[in-house]
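One structure is given here, and the rest of the page talks about it.
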Amino acid sequence: MSQQRADMDWMLKDLAEGVPQTRHVIVLSADGLRMAQHGTETDTADRLAAACAGLQSLAGAVAAELPHSQGRMRLVVIEMDGGFFYLMAAGAGAYLAVLADEGVDAGLMGQRMRDLVARIGEHLSSPPRSEGRTA
């Protein structure tokens with residue numbers, strides 16, 4: 001495992017353990033590929049990452065309808081029975097996703113996610129793909 005990946009794993013763990021009621025923390029590319037995870041099995045993380053790709057695309061399409069928007073999604077929060085889902089832009093072509101139980105402190109979660117993105121934004125960037133390979 002590379003040092004960069006180990007650093008990211010530690011920071012994802014720090015987010016998960018620093019905000020009570022956090023279930024899953026995932027970093028994904030814009031095309032829905034899981035880049036890192038904490039607190040979830042690989043299959044679950046892959047399903048969530050794929051769903052996030054569609055959600056960020058939908059949010060971008062909605063954002064494009066605002067007159068002064070550049071059509072970029074910054075944060076999506078979904079409240080559902082049993083919990084919350086957060087999806088935050090986290091660098092060029094990368095996103096941070098968190099699934100948490102309904103008892104989570106929403107303000108604390110948003111703050112910790114912003115702090116994490118600011119601390120490791122360069123680790124969370126995913127270069128554009130060309131001809132099926134990363135650039």
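Each chain in the structure tokens gets a letter, A, B and so on, in the order shown; residues start at 1 in every chain, and ligands are counted from 1 in the order they appear.
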
Contact residues around Leu108 (chain A) with only C-alpha atoms at 10 Å, ignoring same-chain residues under 4 positions, as a PyMOL selection string
chain A and resi 18-20+104+112-114

Write the residues of the preceding selection, restricted to N, CA and C atoms, as a PDB file, in the first residue's frame.
ATOM      1  N   GLY A  18     -14.631  10.373  14.329  1.00  0.00           N
ATOM      2  CA  GLY A  18     -14.806  11.690  14.927  1.00  0.00           C
ATOM      3  C   GLY A  18     -16.233  12.188  14.925  1.00  0.00           C
ATOM      4  N   VAL A  19     -17.094  11.541  14.146  1.00  0.00           N
ATOM      5  CA  VAL A  19     -18.505  11.928  14.085  1.00  0.00           C
ATOM      6  C   VAL A  19     -19.336  10.698  14.432  1.00  0.00           C
ATOM      7  N   PRO A  20     -19.883  10.677  15.662  1.00  0.00           N
ATOM      8  CA  PRO A  20     -20.699   9.520  16.057  1.00  0.00           C
ATOM      9  C   PRO A  20     -21.855   9.277  15.083  1.00  0.00           C
ATOM     10  N   VAL A 104     -27.014  11.304  13.732  1.00  0.00           N
ATOM     11  CA  VAL A 104     -25.786  12.044  13.458  1.00  0.00           C
ATOM     12  C   VAL A 104     -26.015  13.551  13.633  1.00  0.00           C
ATOM     13  N   ARG A 112     -16.781  18.550   9.497  1.00  0.00           N
ATOM     14  CA  ARG A 112     -15.680  17.582   9.393  1.00  0.00           C
ATOM     15  C   ARG A 112     -15.405  17.178   7.950  1.00  0.00           C
ATOM     16  N   MET A 113     -16.464  17.077   7.143  1.00  0.00           N
ATOM     17  CA  MET A 113     -16.259  16.759   5.726  1.00  0.00           C
ATOM     18  C   MET A 113     -15.509  17.888   5.030  1.00  0.00           C
ATOM     19  N   ARG A 114     -15.902  19.135   5.287  1.00  0.00           N
ATOM     20  CA  ARG A 114     -15.198  20.279   4.688  1.00  0.00           C
ATOM     21  C   ARG A 114     -13.742  20.309   5.129  1.00  0.00           C
TER      22      ARG A 114
END

Got a sec: who's within 7 Å of region 47-52 of chain A, counting only C-alpha atoms, leaving out chain neighbours fewer than 3 positions off, as a list in words?
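Final neighbour list, sorted by chain and number: Leu28, Gly32, Leu33, Arg34, Asp43, Thr44, Leu55 and Gln56 of chain A.
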
Please give the complete set of residues from region 3-132 of chain A that DSSP, run on the backbone, assigns to strand (DSSP E), formatted as an MDAnalysis selection string.
chainID A and resid 22:29 34:38 75:80 83:89 94:101 129:130

Quick one: residues within 6 Å of Val27 (chain A), only C-alpha atoms, excluding same-chain residues fewer than 3 positions away - as a PyMOL selection string?
chain A and resi 35-36+95-96

Go ahead and compute the interatomic distance for CA of Gly110 (chain A) and CA of Trp10 (chain A), in Å to one decimal.
18.7 Å

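Across the model, the gap from CA of His68 (chain A) to CA of Tyr86 (chain A) is 23.9 Å.
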
Spatial neighbours of Gly103 (chain A), max dist 9 Å, only C-alpha atoms, sep filter under 2 positions, as a PDB file with all heavy atoms, in the first residue's frame:
ATOM      1  N   PRO A  20     -19.883  10.677  15.662  1.00  0.00           N
ATOM      2  CA  PRO A  20     -20.699   9.520  16.057  1.00  0.00           C
ATOM      3  C   PRO A  20     -21.855   9.277  15.083  1.00  0.00           C
ATOM      4  O   PRO A  20     -22.381  10.212  14.496  1.00  0.00           O
ATOM      5  CB  PRO A  20     -21.232   9.924  17.438  1.00  0.00           C
ATOM      6  CG  PRO A  20     -20.247  10.923  17.948  1.00  0.00           C
ATOM      7  CD  PRO A  20     -19.767  11.668  16.724  1.00  0.00           C
ATOM      8  N   GLN A  21     -22.211   8.036  14.898  1.00  0.00           N
ATOM      9  CA  GLN A  21     -23.301   7.572  14.033  1.00  0.00           C
ATOM     10  C   GLN A  21     -22.893   7.461  12.561  1.00  0.00           C
ATOM     11  O   GLN A  21     -23.737   7.236  11.705  1.00  0.00           O
ATOM     12  CB  GLN A  21     -24.547   8.459  14.156  1.00  0.00           C
ATOM     13  CG  GLN A  21     -25.054   8.677  15.561  1.00  0.00           C
ATOM     14  CD  GLN A  21     -25.558   7.396  16.204  1.00  0.00           C
ATOM     15  OE1 GLN A  21     -26.064   6.523  15.525  1.00  0.00           O
ATOM     16  NE2 GLN A  21     -25.419   7.302  17.508  1.00  0.00           N
ATOM     17  N   GLY A  82     -34.095   6.457   8.661  1.00  0.00           N
ATOM     18  CA  GLY A  82     -32.938   5.764   9.215  1.00  0.00           C
ATOM     19  C   GLY A  82     -31.620   6.502   9.135  1.00  0.00           C
ATOM     20  O   GLY A  82     -30.643   6.076   9.731  1.00  0.00           O
ATOM     21  N   GLY A  83     -31.561   7.612   8.379  1.00  0.00           N
ATOM     22  CA  GLY A  83     -30.283   8.294   8.340  1.00  0.00           C
ATOM     23  C   GLY A  83     -30.145   9.367   7.293  1.00  0.00           C
ATOM     24  O   GLY A  83     -31.127   9.849   6.732  1.00  0.00           O
ATOM     25  N   ALA A 100     -24.727   7.972   7.172  1.00  0.00           N
ATOM     26  CA  ALA A 100     -24.754   8.043   8.632  1.00  0.00           C
ATOM     27  C   ALA A 100     -26.152   7.749   9.157  1.00  0.00           C
ATOM     28  O   ALA A 100     -27.150   7.982   8.469  1.00  0.00           O
ATOM     29  CB  ALA A 100     -24.307   9.426   9.101  1.00  0.00           C
ATOM     30  N   ASP A 101     -26.210   7.252  10.384  1.00  0.00           N
ATOM     31  CA  ASP A 101     -27.484   6.981  11.040  1.00  0.00           C
ATOM     32  C   ASP A 101     -28.217   8.278  11.353  1.00  0.00           C
ATOM     33  O   ASP A 101     -27.603   9.353  11.408  1.00  0.00           O
ATOM     34  CB  ASP A 101     -27.257   6.194  12.334  1.00  0.00           C
ATOM     35  CG  ASP A 101     -26.746   4.784  12.074  1.00  0.00           C
ATOM     36  OD1 ASP A 101     -27.070   4.205  11.016  1.00  0.00           O
ATOM     37  OD2 ASP A 101     -26.024   4.265  12.945  1.00  0.00           O
ATOM     38  N   ASP A 105     -24.986  14.226  14.090  1.00  0.00           N
ATOM     39  CA  ASP A 105     -25.007  15.689  14.190  1.00  0.00           C
ATOM     40  C   ASP A 105     -24.686  16.235  12.801  1.00  0.00           C
ATOM     41  O   ASP A 105     -23.537  16.207  12.365  1.00  0.00           O
ATOM     42  CB  ASP A 105     -23.968  16.134  15.220  1.00  0.00           C
ATOM     43  CG  ASP A 105     -23.902  17.637  15.423  1.00  0.00           C
ATOM     44  OD1 ASP A 105     -24.229  18.396  14.476  1.00  0.00           O
ATOM     45  OD2 ASP A 105     -23.512  18.056  16.526  1.00  0.00           O
ATOM     46  N   ALA A 106     -25.709  16.720  12.097  1.00  0.00           N
ATOM     47  CA  ALA A 106     -25.552  17.146  10.704  1.00  0.00           C
ATOM     48  C   ALA A 106     -24.558  18.292  10.566  1.00  0.00           C
ATOM     49  O   ALA A 106     -23.769  18.325   9.615  1.00  0.00           O
ATOM     50  CB  ALA A 106     -26.903  17.533  10.116  1.00  0.00           C
TER      51      ALA A 106
END
